[in-house]
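data_8.json, holding JSON, C-alpha atoms:
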[["chain", "number", "residue", "atom", "x", "y", "z"],
["A", 1, "MET", "CA", -10.33, 16.54, 16.99],
["A", 2, "ALA", "CA", -12.13, 17.72, 13.85],
["A", 3, "LEU", "CA", -10.77, 15.90, 10.82],
["A", 4, "THR", "CA", -10.51, 17.87, 7.57],
["A", 5, "ALA", "CA", -8.59, 18.08, 4.34],
["A", 6, "CYS", "CA", -5.44, 20.08, 4.81],
["A", 7, "GLY", "CA", -6.20, 22.47, 1.92],
["A", 8, "ALA", "CA", -3.24, 24.76, 2.47],
["A", 9, "LYS", "CA", -4.12, 28.46, 2.35],
["A", 10, "THR", "CA", -1.09, 30.71, 2.15],
["A", 11, "ASP", "CA", -0.14, 34.32, 2.66],
["A", 12, "GLY", "CA", 1.69, 36.39, 0.09],
["A", 13, "GLN", "CA", 4.99, 34.64, 0.76],
["A", 14, "GLY", "CA", 3.58, 31.15, 0.45],
["A", 15, "MET", "CA", 3.53, 30.71, 4.23],
["A", 16, "GLU", "CA", 0.52, 28.71, 5.34],
["A", 17, "LEU", "CA", -2.09, 30.76, 7.18],
["A", 18, "ALA", "CA", -3.97, 27.98, 8.92],
["A", 19, "ARG", "CA", -3.53, 27.43, 12.64],
["A", 20, "HIS", "CA", -2.89, 23.74, 13.22],
["A", 21, "GLY", "CA", -4.59, 22.69, 16.43],
["A", 22, "THR", "CA", -4.84, 25.16, 19.31],
["A", 23, "ALA", "CA", -2.45, 27.10, 21.52],
["A", 24, "LEU", "CA", -3.01, 24.45, 24.20],
["A", 25, "PHE", "CA", -2.58, 21.49, 21.83],
["A", 26, "PRO", "CA", -0.70, 22.65, 18.71],
["A", 27, "VAL", "CA", -1.28, 19.78, 16.30],
["A", 28, "GLY", "CA", -3.60, 19.48, 13.31],
["A", 29, "CYS", "CA", -4.85, 16.12, 12.01],
["A", 30, "TYR", "CA", -5.82, 15.82, 8.33],
["A", 31, "GLN", "CA", -6.83, 13.45, 5.57],
["A", 32, "ASP", "CA", -6.49, 14.33, 1.88],
["A", 33, "ASP", "CA", -7.18, 12.73, -1.47],
["A", 34, "LEU", "CA", -4.60, 14.20, -3.85],
["A", 35, "SER", "CA", -6.45, 12.81, -6.86],
["A", 36, "LYS", "CA", -9.15, 15.42, -6.15],
["A", 37, "ASP", "CA", -7.04, 18.36, -5.04],
["A", 38, "GLU", "CA", -3.27, 18.71, -4.99],
["A", 39, "VAL", "CA", -1.46, 20.44, -2.14],
["A", 40, "PRO", "CA", 0.03, 23.67, -3.56],
["A", 41, "TRP", "CA", 3.53, 24.96, -2.87],
["A", 42, "HIS", "CA", 3.64, 26.38, 0.64],
["A", 43, "TRP", "CA", 5.65, 26.35, 3.86],
["A", 44, "HIS", "CA", 4.98, 26.58, 7.57],
["A", 45, "THR", "CA", 6.94, 26.75, 10.79],
["A", 46, "GLU", "CA", 5.48, 23.47, 12.05],
["A", 47, "LEU", "CA", 6.81, 19.98, 11.39],
["A", 48, "GLU", "CA", 4.72, 17.68, 9.19],
["A", 49, "ALA", "CA", 4.40, 13.89, 9.13],
["A", 50, "ILE", "CA", 2.57, 12.02, 6.36],
["A", 51, "VAL", "CA", 1.52, 8.42, 5.72],
["A", 52, "VAL", "CA", 0.16, 7.36, 2.31],
["A", 53, "VAL", "CA", -2.91, 5.19, 2.92],
["A", 54, "ASP", "CA", -3.53, 4.16, -0.70],
["A", 55, "GLY", "CA", -2.39, 5.13, -4.18],
["A", 56, "ARG", "CA", 0.86, 6.89, -4.98],
["A", 57, "ALA", "CA", 1.80, 10.48, -4.22],
["A", 58, "VAL", "CA", 4.55, 12.75, -5.47],
["A", 59, "ILE", "CA", 5.92, 14.85, -2.63],
["A", 60, "ALA", "CA", 8.11, 17.80, -3.60],
["A", 61, "ALA", "CA", 10.45, 19.44, -1.10],
["A", 62, "GLY", "CA", 12.41, 22.18, -2.78],
["A", 63, "ALA", "CA", 13.82, 20.83, -6.03],
["A", 64, "GLU", "CA", 13.63, 17.20, -4.85],
["A", 65, "ARG", "CA", 10.78, 14.92, -5.92],
["A", 66, "PHE", "CA", 9.83, 11.70, -4.15],
["A", 67, "THR", "CA", 7.27, 9.12, -5.25],
["A", 68, "VAL", "CA", 5.63, 7.64, -2.16],
["A", 69, "GLY", "CA", 3.43, 4.55, -2.28],
["A", 70, "ALA", "CA", 0.84, 3.11, 0.09],
["A", 71, "GLY", "CA", 2.37, 2.14, 3.41],
["A", 72, "ASP", "CA", 5.22, 4.62, 3.09],
["A", 73, "GLY", "CA", 5.39, 8.19, 4.26],
["A", 74, "PHE", "CA", 7.25, 11.43, 4.61],
["A", 75, "PHE", "CA", 8.59, 13.96, 7.10],
["A", 76, "ILE", "CA", 8.86, 17.66, 6.22],
["A", 77, "ASN", "CA", 10.93, 19.98, 8.36],
["A", 78, "SER", "CA", 10.08, 23.49, 9.52],
["A", 79, "GLY", "CA", 10.23, 26.28, 6.94],
["A", 80, "VAL", "CA", 10.62, 23.99, 3.91],
["A", 81, "LEU", "CA", 8.84, 24.84, 0.66],
["A", 82, "HIS", "CA", 6.83, 21.77, -0.33],
["A", 83, "ALA", "CA", 3.90, 20.53, -2.38],
["A", 84, "GLY", "CA", 2.13, 17.27, -3.18],
["A", 85, "TRP", "CA", 0.05, 15.71, -5.94],
["A", 86, "ALA", "CA", -1.22, 12.31, -7.02],
["A", 87, "ASP", "CA", 0.94, 10.08, -9.20],
["A", 88, "GLY", "CA", -1.74, 9.25, -11.74],
["A", 89, "ARG", "CA", -5.52, 9.58, -11.72],
["A", 90, "GLN", "CA", -6.32, 6.97, -9.10],
["A", 91, "SER", "CA", -7.32, 7.71, -5.51],
["A", 92, "CYS", "CA", -4.37, 8.88, -3.43],
["A", 93, "ARG", "CA", -5.28, 9.24, 0.27],
["A", 94, "LEU", "CA", -2.98, 10.65, 2.91],
["A", 95, "HIS", "CA", -3.04, 10.85, 6.70],
["A", 96, "SER", "CA", -1.03, 13.80, 7.98],
["A", 97, "LEU", "CA", -0.18, 15.58, 11.22],
["A", 98, "VAL", "CA", 1.15, 19.13, 11.34],
["A", 99, "PHE", "CA", 2.55, 20.08, 14.74],
["A", 100, "GLN", "CA", 4.60, 22.67, 16.57],
["A", 101, "PRO", "CA", 7.99, 21.35, 17.75],
["A", 102, "ARG", "CA", 7.21, 22.56, 21.29],
["A", 103, "LEU", "CA", 4.49, 19.91, 21.53],
["A", 104, "VAL", "CA", 7.21, 17.28, 21.93],
["A", 105, "GLY", "CA", 10.16, 19.47, 22.93],
["A", 106, "GLY", "CA", 8.65, 21.49, 25.75],
["A", 107, "SER", "CA", 10.71, 24.48, 26.88],
["A", 108, "ARG", "CA", 13.99, 25.33, 25.17],
["A", 109, "ASP", "CA", 16.02, 24.48, 28.27],
["A", 110, "SER", "CA", 14.63, 20.94, 28.49],
["A", 111, "ILE", "CA", 16.57, 17.79, 27.58],
["A", 112, "PHE", "CA", 13.84, 16.93, 25.06],
["A", 113, "TRP", "CA", 14.37, 20.18, 23.16],
["A", 114, "GLN", "CA", 18.15, 20.35, 23.37],
["A", 115, "GLY", "CA", 18.78, 16.65, 22.84],
["A", 116, "HIS", "CA", 16.30, 15.88, 20.07],
["A", 117, "VAL", "CA", 14.22, 18.78, 18.75],
["A", 118, "GLN", "CA", 16.96, 21.39, 18.38],
["A", 119, "PRO", "CA", 19.22, 19.10, 16.30],
["A", 120, "LEU", "CA", 16.27, 18.39, 14.01],
["A", 121, "LEU", "CA", 15.73, 22.13, 13.50],
["A", 122, "SER", "CA", 19.40, 22.94, 13.01],
["A", 123, "GLU", "CA", 20.95, 24.04, 9.73],
["A", 124, "GLY", "CA", 22.50, 20.62, 9.24],
["A", 125, "ALA", "CA", 19.21, 18.72, 9.55],
["A", 126, "PRO", "CA", 17.47, 17.26, 6.48],
["A", 127, "LYS", "CA", 14.77, 19.36, 4.83],
["A", 128, "ALA", "CA", 12.66, 16.24, 4.27],
["A", 129, "VAL", "CA", 12.90, 12.50, 4.90],
["A", 130, "LEU", "CA", 11.30, 9.74, 2.82],
["A", 131, "LEU", "CA", 10.08, 6.94, 5.09],
["A", 132, "ARG", "CA", 9.91, 3.41, 3.66],
["A", 133, "GLY", "CA", 8.03, 0.73, 5.56],
["A", 134, "ALA", "CA", 10.58, -1.91, 4.57],
["A", 135, "GLU", "CA", 13.35, -0.17, 6.55],
["A", 136, "ALA", "CA", 13.20, -1.16, 10.23],
["A", 137, "TRP", "CA", 13.52, 2.22, 11.95],
["A", 138, "GLN", "CA", 11.47, 3.93, 9.23],
["A", 139, "GLY", "CA", 8.70, 1.36, 9.65],
["A", 140, "GLU", "CA", 8.74, 2.17, 13.36],
["A", 141, "ALA", "CA", 8.49, 5.88, 12.53],
["A", 142, "LEU", "CA", 5.55, 5.25, 10.19],
["A", 143, "GLY", "CA", 3.82, 3.24, 12.91],
["A", 144, "ALA", "CA", 4.32, 6.13, 15.34],
["A", 145, "ILE", "CA", 2.79, 8.60, 12.86],
["A", 146, "GLU", "CA", -0.25, 6.42, 12.18],
["A", 147, "ALA", "CA", -0.76, 5.68, 15.90],
["A", 148, "ALA", "CA", -0.67, 9.42, 16.65],
["A", 149, "TRP", "CA", -3.09, 10.10, 13.77],
["A", 150, "GLN", "CA", -5.55, 7.44, 14.94],
["A", 151, "SER", "CA", -5.40, 8.75, 18.52],
["A", 152, "CYS", "CA", -5.94, 12.30, 17.28],
["A", 153, "THR", "CA", -9.05, 11.34, 15.32],
["A", 154, "GLY", "CA", -10.44, 9.06, 18.03],
["A", 155, "GLU", "CA", -10.23, 11.57, 20.90],
["A", 156, "SER", "CA", -10.66, 8.90, 23.57],
["A", 157, "PRO", "CA", -9.80, 10.04, 27.12],
["A", 158, "GLY", "CA", -6.14, 10.93, 27.36],
["A", 159, "TYR", "CA", -5.63, 10.91, 23.59],
["A", 160, "GLU", "CA", -3.39, 14.00, 23.86],
["A", 161, "PHE", "CA", -0.76, 11.92, 25.68],
["A", 162, "ARG", "CA", -0.84, 9.22, 23.01],
["A", 163, "VAL", "CA", -0.56, 11.77, 20.19],
["A", 164, "ARG", "CA", 2.44, 13.38, 21.87],
["A", 165, "GLU", "CA", 3.95, 9.95, 22.54],
["A", 166, "GLY", "CA", 3.76, 8.98, 18.86],
["A", 167, "LEU", "CA", 5.17, 12.27, 17.62],
["A", 168, "SER", "CA", 7.91, 12.18, 20.27],
["A", 169, "GLN", "CA", 8.92, 8.74, 19.03],
["A", 170, "LEU", "CA", 9.00, 10.06, 15.47],
["A", 171, "VAL", "CA", 11.23, 13.01, 16.44],
["A", 172, "PHE", "CA", 13.54, 10.72, 18.42],
["A", 173, "LEU", "CA", 13.97, 8.34, 15.47],
["A", 174, "LEU", "CA", 14.60, 11.18, 13.01],
["A", 175, "ALA", "CA", 17.14, 12.85, 15.30],
["A", 176, "ARG", "CA", 18.90, 9.54, 15.88],
["A", 177, "HIS", "CA", 19.10, 8.32, 12.31],
["A", 178, "CYS", "CA", 19.13, 11.42, 10.11],
["A", 179, "ILE", "CA", 21.16, 14.19, 11.72],
["A", 180, "THR", "CA", 24.69, 12.77, 11.57],
["A", 181, "ALA", "CA", 24.46, 12.03, 7.85],
["A", 182, "ALA", "CA", 22.99, 15.41, 6.95],
["A", 183, "GLU", "CA", 25.06, 18.28, 5.59],
["A", 184, "PRO", "CA", 24.22, 21.91, 6.36],
["A", 185, "LEU", "CA", 22.67, 23.92, 3.56],
["A", 186, "SER", "CA", 25.15, 26.21, 1.85],
["A", 187, "ARG", "CA", 24.75, 29.97, 2.07],
["A", 188, "LYS", "CA", 23.97, 29.90, -1.63],
["A", 189, "ALA", "CA", 21.08, 27.45, -1.13],
["A", 190, "LEU", "CA", 19.70, 29.46, 1.78],
["A", 191, "ARG", "CA", 19.92, 32.66, -0.27],
["A", 192, "GLU", "CA", 18.17, 31.02, -3.22],
["A", 193, "GLU", "CA", 15.32, 29.78, -1.04],
["A", 194, "SER", "CA", 14.89, 33.22, 0.50],
["A", 195, "ARG", "CA", 14.74, 34.80, -2.95],
["A", 196, "VAL", "CA", 12.20, 32.26, -4.17],
["A", 197, "LYS", "CA", 9.98, 32.98, -1.16],
["A", 198, "GLN", "CA", 10.13, 36.70, -2.04],
["A", 199, "MET", "CA", 9.18, 35.97, -5.65],
["A", 200, "LEU", "CA", 6.37, 33.64, -4.56],
["A", 201, "GLN", "CA", 5.07, 36.50, -2.43],
["A", 202, "PHE", "CA", 5.00, 38.76, -5.48],
["A", 203, "ILE", "CA", 3.34, 36.17, -7.73],
["A", 204, "GLN", "CA", 0.68, 35.26, -5.20],
["A", 205, "ALA", "CA", -0.13, 38.92, -4.57],
["A", 206, "HIS", "CA", -0.39, 39.79, -8.29],
["A", 207, "TYR", "CA", -1.38, 36.55, -10.04],
["A", 208, "ASP", "CA", -4.52, 38.18, -11.48],
["A", 209, "ALA", "CA", -2.45, 40.78, -13.37],
["A", 210, "GLU", "CA", -0.25, 40.46, -16.45],
["A", 211, "LEU", "CA", 3.14, 39.25, -15.21],
["A", 212, "ASP", "CA", 6.39, 38.34, -16.91],
["A", 213, "THR", "CA", 9.73, 37.00, -15.75],
["A", 214, "ALA", "CA", 11.27, 40.48, -15.61],
["A", 215, "GLN", "CA", 8.66, 41.70, -13.11],
["A", 216, "ILE", "CA", 9.00, 38.57, -10.98],
["A", 217, "ALA", "CA", 12.79, 38.91, -10.94],
["A", 218, "LYS", "CA", 12.57, 42.59, -10.01],
["A", 219, "SER", "CA", 10.49, 41.74, -6.93],
["A", 220, "ALA", "CA", 13.55, 39.99, -5.44],
["A", 221, "MET", "CA", 16.06, 42.43, -6.99],
["A", 222, "VAL", "CA", 17.71, 39.77, -9.18],
["A", 223, "SER", "CA", 18.26, 39.38, -12.91],
["A", 224, "GLU", "CA", 15.93, 37.36, -15.09],
["A", 225, "SER", "CA", 18.54, 34.66, -15.52],
["A", 226, "GLU", "CA", 19.05, 34.47, -11.74],
["A", 227, "CYS", "CA", 15.27, 34.32, -11.25],
["A", 228, "LEU", "CA", 15.03, 31.37, -13.63],
["A", 229, "ARG", "CA", 17.96, 29.60, -11.99],
["A", 230, "CYS", "CA", 16.59, 30.08, -8.46],
["A", 231, "PHE", "CA", 13.18, 28.69, -9.41],
["A", 232, "ARG", "CA", 14.63, 25.70, -11.21],
["A", 233, "SER", "CA", 17.10, 24.82, -8.45],
["A", 234, "THR", "CA", 14.65, 25.38, -5.56],
["A", 235, "ILE", "CA", 11.25, 24.15, -6.73],
["A", 236, "GLY", "CA", 12.15, 22.66, -10.10],
["A", 237, "THR", "CA", 9.88, 24.72, -12.33],
["A", 238, "PRO", "CA", 10.22, 28.07, -14.17],
["A", 239, "PRO", "CA", 8.44, 31.08, -12.64],
["A", 240, "ILE", "CA", 5.91, 31.45, -15.47],
["A", 241, "GLN", "CA", 4.97, 27.78, -15.17],
["A", 242, "TYR", "CA", 4.51, 28.24, -11.42],
["A", 243, "LEU", "CA", 2.37, 31.33, -12.11],
["A", 244, "LYS", "CA", 0.19, 29.27, -14.48],
["A", 245, "GLN", "CA", -0.18, 26.49, -11.89],
["A", 246, "PHE", "CA", -1.05, 28.96, -9.14],
["A", 247, "ARG", "CA", -3.68, 30.66, -11.31],
["A", 248, "ILE", "CA", -5.30, 27.30, -12.07],
["A", 249, "GLN", "CA", -5.22, 26.40, -8.36],
["A", 250, "LYS", "CA", -7.05, 29.64, -7.56],
["A", 251, "ALA", "CA", -9.49, 29.07, -10.40],
["A", 252, "ALA", "CA", -10.31, 25.61, -9.06],
["A", 253, "GLU", "CA", -11.04, 27.11, -5.63],
["A", 254, "LEU", "CA", -13.36, 29.70, -7.19],
["A", 255, "LEU", "CA", -15.15, 27.14, -9.34],
["A", 256, "ARG", "CA", -16.07, 25.28, -6.14],
["A", 257, "ALA", "CA", -16.97, 28.39, -4.15],
["A", 258, "VAL", "CA", -18.68, 30.98, -6.36],
["A", 259, "PRO", "CA", -21.44, 30.90, -9.02],
["A", 260, "ASP", "CA", -19.51, 33.09, -11.50],
["A", 261, "SER", "CA", -19.32, 31.85, -15.08],
["A", 262, "VAL", "CA", -16.25, 29.95, -16.21],
["A", 263, "ALA", "CA", -15.09, 32.96, -18.23],
["A", 264, "GLU", "CA", -15.49, 35.24, -15.21],
["A", 265, "VAL", "CA", -13.52, 32.86, -13.02],
["A", 266, "GLY", "CA", -10.76, 32.73, -15.62],
["A", 267, "ALA", "CA", -10.61, 36.52, -15.83],
["A", 268, "ARG", "CA", -10.41, 36.82, -12.05],
["A", 269, "CYS", "CA", -7.38, 34.53, -12.14],
["A", 270, "GLY", "CA", -5.47, 36.36, -14.86],
["A", 271, "PHE", "CA", -6.82, 34.54, -17.95],
["A", 272, "GLN", "CA", -8.40, 37.14, -20.22],
["A", 273, "ASP", "CA", -8.87, 34.61, -23.03],
["A", 274, "ALA", "CA", -11.56, 32.09, -22.05],
["A", 275, "SER", "CA", -10.41, 29.46, -24.56],
["A", 276, "TYR", "CA", -6.81, 29.67, -23.30],
["A", 277, "PHE", "CA", -8.09, 29.35, -19.74],
["A", 278, "ALA", "CA", -10.06, 26.21, -20.62],
["A", 279, "LYS", "CA", -7.07, 24.74, -22.48],
["A", 280, "THR", "CA", -4.66, 25.44, -19.61],
["A", 281, "PHE", "CA", -7.13, 24.11, -17.02],
["A", 282, "ARG", "CA", -7.49, 20.85, -18.95],
["A", 283, "GLU", "CA", -3.70, 20.50, -19.27],
["A", 284, "LEU", "CA", -3.20, 20.80, -15.51],
["A", 285, "LYS", "CA", -6.39, 19.26, -14.14],
["A", 286, "GLY", "CA", -7.24, 16.70, -16.79],
["A", 287, "CYS", "CA", -10.74, 18.09, -17.37],
["A", 288, "THR", "CA", -12.45, 21.31, -18.42],
["A", 289, "PRO", "CA", -13.45, 23.95, -15.85],
["A", 290, "THR", "CA", -17.10, 23.03, -16.34],
["A", 291, "GLU", "CA", -16.42, 19.32, -15.78],
["A", 292, "TYR", "CA", -14.39, 20.16, -12.68],
["A", 293, "ARG", "CA", -17.23, 22.25, -11.24],
["A", 294, "GLN", "CA", -19.80, 19.55, -11.96],
["A", 295, "ALA", "CA", -17.66, 16.88, -10.29],
["A", 296, "ALA", "CA", -17.16, 19.11, -7.23],
["A", 297, "GLU", "CA", -20.91, 19.70, -6.97],
["A", 298, "GLN", "CA", -21.59, 15.96, -7.14],
["A", 299, "ARG", "CA", -19.05, 15.27, -4.37],
["A", 300, "ASP", "CA", -20.61, 17.94, -2.16],
["A", 301, "ALA", "CA", -24.21, 16.84, -2.82]]

Would you kindly transcribe this structure into structure tokens?
Amino acid sequence: MALTACGAKTDGQGMELARHGTALFPVGCYQDDLSKDEVPWHWHTELEAIVVVDGRAVIAAGAERFTVGAGDGFFINSGVLHAGWADGRQSCRLHSLVFQPRLVGGSRDSIFWQGHVQPLLSEGAPKAVLLRGAEAWQGEALGAIEAAWQSCTGESPGYEFRVREGLSQLVFLLARHCITAAEPLSRKALREESRVKQMLQFIQAHYDAELDTAQIAKSAMVSESECLRCFRSTIGTPPIQYLKQFRIQKAAELLRAVPDSVAEVGARCGFQDASYFAKTFRELKGCTPTEYRQAAEQRDA
């Protein structure tokens, strides 16, 4: 299977657009270095399993933040807003698998689906699970993820069975150890997440225009104070800060992809003042737009 960086591309609501795998084998296999490019806020209907190979990553799932070191990993449930970035400037490599639940659950009337997959997708299931190698069952889960990842990249005869075996073991362990202790999300939390997804849709559709909190709040038919509260409680950052981060993310993509001047790239991403664009880019990326472009060109050479 072709191995690539995940590089989440999203639609207007922050839902990831990429198809992971194929209709016949719905699993995508990825490697990322978060010190080069962070994973932006997004969500998808698939399940995701991650192992940190080296360095330290910060994985965000809703308002929760988890620092994950080498040898540890993470599980992200279906439909959960999440993001990831390096903890520091050092290399931070991840192995990840993004897969449809039906890969391991089969049909909805099967014992695999009803006994293991459905509980994991239920309202009472955890949104995300931090996996520590020092914990026995979690170490087993991490081993299953890495075995599935290695099989997926190797593509030796019958690798599909081994990938499904590893992911099935992961789902079994999660359903066994995480469901009983989990509490269902409140209606308030579900409503907040839905509103945030609506506001993300608006921001991502209009990030190149002048936006303020009032406009963002109006897109979800809530007050400004409710908009601020929803963003802080769901993804842990104010809407204007998220807008700034999203604009810089888009600017970084353009700097790698198009020959436009730095000022032109900034303007395309909602920064009409070139000096403010450069200042904001440095704050979030640790280098100027020009330095970022030069580094990207050297990596691609």

Using the file's own x, y and z axes, what box holds all listed atoms of range 159-164 of chain A with 5 Å on each side, keeping edges along x, y and z, and what are its centre and edge lengths in Å to one decimal, as AutoDock Vina command-line options?
--center_x -1.6 --center_y 11.6 --center_z 22.9 --size_x 18.1 --size_y 14.8 --size_z 15.5

Give me, as JSON lines, the closest atom pair and its distance (Å, one decimal) for every residue of range 109-169 of chain A within a cut-off of 7 Å of range 56-80 of chain A, counting only C-alpha atoms, rows sorted by chain and rising number.
{"residue": "A:Lys127", "atom": "CA", "partner": "A:Asn77", "partner_atom": "CA", "distance": 5.3}
{"residue": "A:Ala128", "atom": "CA", "partner": "A:Ile76", "partner_atom": "CA", "distance": 4.5}
{"residue": "A:Val129", "atom": "CA", "partner": "A:Phe75", "partner_atom": "CA", "distance": 5.1}
{"residue": "A:Leu130", "atom": "CA", "partner": "A:Phe74", "partner_atom": "CA", "distance": 4.7}
{"residue": "A:Leu131", "atom": "CA", "partner": "A:Gly73", "partner_atom": "CA", "distance": 4.9}
{"residue": "A:Arg132", "atom": "CA", "partner": "A:Asp72", "partner_atom": "CA", "distance": 4.9}
{"residue": "A:Gly133", "atom": "CA", "partner": "A:Asp72", "partner_atom": "CA", "distance": 5.4}
{"residue": "A:Leu142", "atom": "CA", "partner": "A:Gly73", "partner_atom": "CA", "distance": 6.6}

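Picture a line from CA of Gln241 in chain A to CA of Glu283 in chain A; it runs 12.0 Å.
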
Exercise for review: Extract, using all atoms listed in the file, all DNA, RNA and protein residues at most 7 Å from range 203-211 of chain A, discarding same-chain residues fewer than 5 positions from it, and format them as a PyMOL selection string.
Suggested key: chain A and resi 12+216+243+247+268-270

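Separating CA of Pro40 in chain A from CA of Gly84 in chain A is a distance of 6.7 Å.
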
Review point. What is the distance, in Å and to one decimal place, between CA of Ser91 in chain A and CA of Glu38 in chain A?
Key: 11.7 Å

Review point. With all atoms listed in the file as the basis for distance, which of A:His116, A:Lys218, A:Arg195, A:Arg102 is at the shortest distance from Arg176 in chain A?
Key: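 Among the listed residues, the smallest separation from Arg176 in chain A belongs to A:His116.
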
Review point. Which one of A:Arg229, A:Asp109, A:Leu24, A:Trp41 sits closest to Lys197 in chain A if you count all atoms listed in the file?
Key: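 Closest residue, counting all atoms listed in the file: A:Trp41.
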
Need the shell around Phe99 in chain A: protein/DNA/RNA residues with any atom at most 8 Å away, counting all atoms listed in the file. Skip same-chain ones fewer than 4 positions apart. Format as a compact mmCIF listing (two decimals) with C-alpha atoms, in the coordinates of the input?
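This went into result03.txt:
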# COMPACT_ATOMS: atom_id res chain seq x y z
CA HIS A 20 -2.89 23.74 13.22
CA GLY A 21 -4.59 22.69 16.43
CA PRO A 26 -0.70 22.65 18.71
CA VAL A 27 -1.28 19.78 16.30
CA GLY A 28 -3.60 19.48 13.31
CA GLU A 46 5.48 23.47 12.05
CA LEU A 47 6.81 19.98 11.39
CA GLU A 48 4.72 17.68 9.19
CA LEU A 103 4.49 19.91 21.53

Surrounding residues of Ala217 in chain A excluding itself and chain neighbours under 2 positions, 12 Å, all atoms listed in the file, as a PDB file with C-alpha atoms, keeping the file's coordinate frame:
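And here is the file that came out, part_21.pdb:
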ATOM      1  CA  ARG A 195      14.740  34.800  -2.950  1.00  0.00           C
ATOM      2  CA  VAL A 196      12.200  32.260  -4.170  1.00  0.00           C
ATOM      3  CA  LYS A 197       9.980  32.980  -1.160  1.00  0.00           C
ATOM      4  CA  GLN A 198      10.130  36.700  -2.040  1.00  0.00           C
ATOM      5  CA  MET A 199       9.180  35.970  -5.650  1.00  0.00           C
ATOM      6  CA  LEU A 200       6.370  33.640  -4.560  1.00  0.00           C
ATOM      7  CA  GLN A 201       5.070  36.500  -2.430  1.00  0.00           C
ATOM      8  CA  PHE A 202       5.000  38.760  -5.480  1.00  0.00           C
ATOM      9  CA  ILE A 203       3.340  36.170  -7.730  1.00  0.00           C
ATOM     10  CA  LEU A 211       3.140  39.250 -15.210  1.00  0.00           C
ATOM     11  CA  ASP A 212       6.390  38.340 -16.910  1.00  0.00           C
ATOM     12  CA  THR A 213       9.730  37.000 -15.750  1.00  0.00           C
ATOM     13  CA  ALA A 214      11.270  40.480 -15.610  1.00  0.00           C
ATOM     14  CA  GLN A 215       8.660  41.700 -13.110  1.00  0.00           C
ATOM     15  CA  SER A 219      10.490  41.740  -6.930  1.00  0.00           C
ATOM     16  CA  ALA A 220      13.550  39.990  -5.440  1.00  0.00           C
ATOM     17  CA  MET A 221      16.060  42.430  -6.990  1.00  0.00           C
ATOM     18  CA  VAL A 222      17.710  39.770  -9.180  1.00  0.00           C
ATOM     19  CA  SER A 223      18.260  39.380 -12.910  1.00  0.00           C
ATOM     20  CA  GLU A 224      15.930  37.360 -15.090  1.00  0.00           C
ATOM     21  CA  SER A 225      18.540  34.660 -15.520  1.00  0.00           C
ATOM     22  CA  GLU A 226      19.050  34.470 -11.740  1.00  0.00           C
ATOM     23  CA  CYS A 227      15.270  34.320 -11.250  1.00  0.00           C
ATOM     24  CA  LEU A 228      15.030  31.370 -13.630  1.00  0.00           C
ATOM     25  CA  ARG A 229      17.960  29.600 -11.990  1.00  0.00           C
ATOM     26  CA  CYS A 230      16.590  30.080  -8.460  1.00  0.00           C
ATOM     27  CA  PHE A 231      13.180  28.690  -9.410  1.00  0.00           C
ATOM     28  CA  PRO A 238      10.220  28.070 -14.170  1.00  0.00           C
ATOM     29  CA  PRO A 239       8.440  31.080 -12.640  1.00  0.00           C
ATOM     30  CA  ILE A 240       5.910  31.450 -15.470  1.00  0.00           C
TER      31      ILE A 240
END
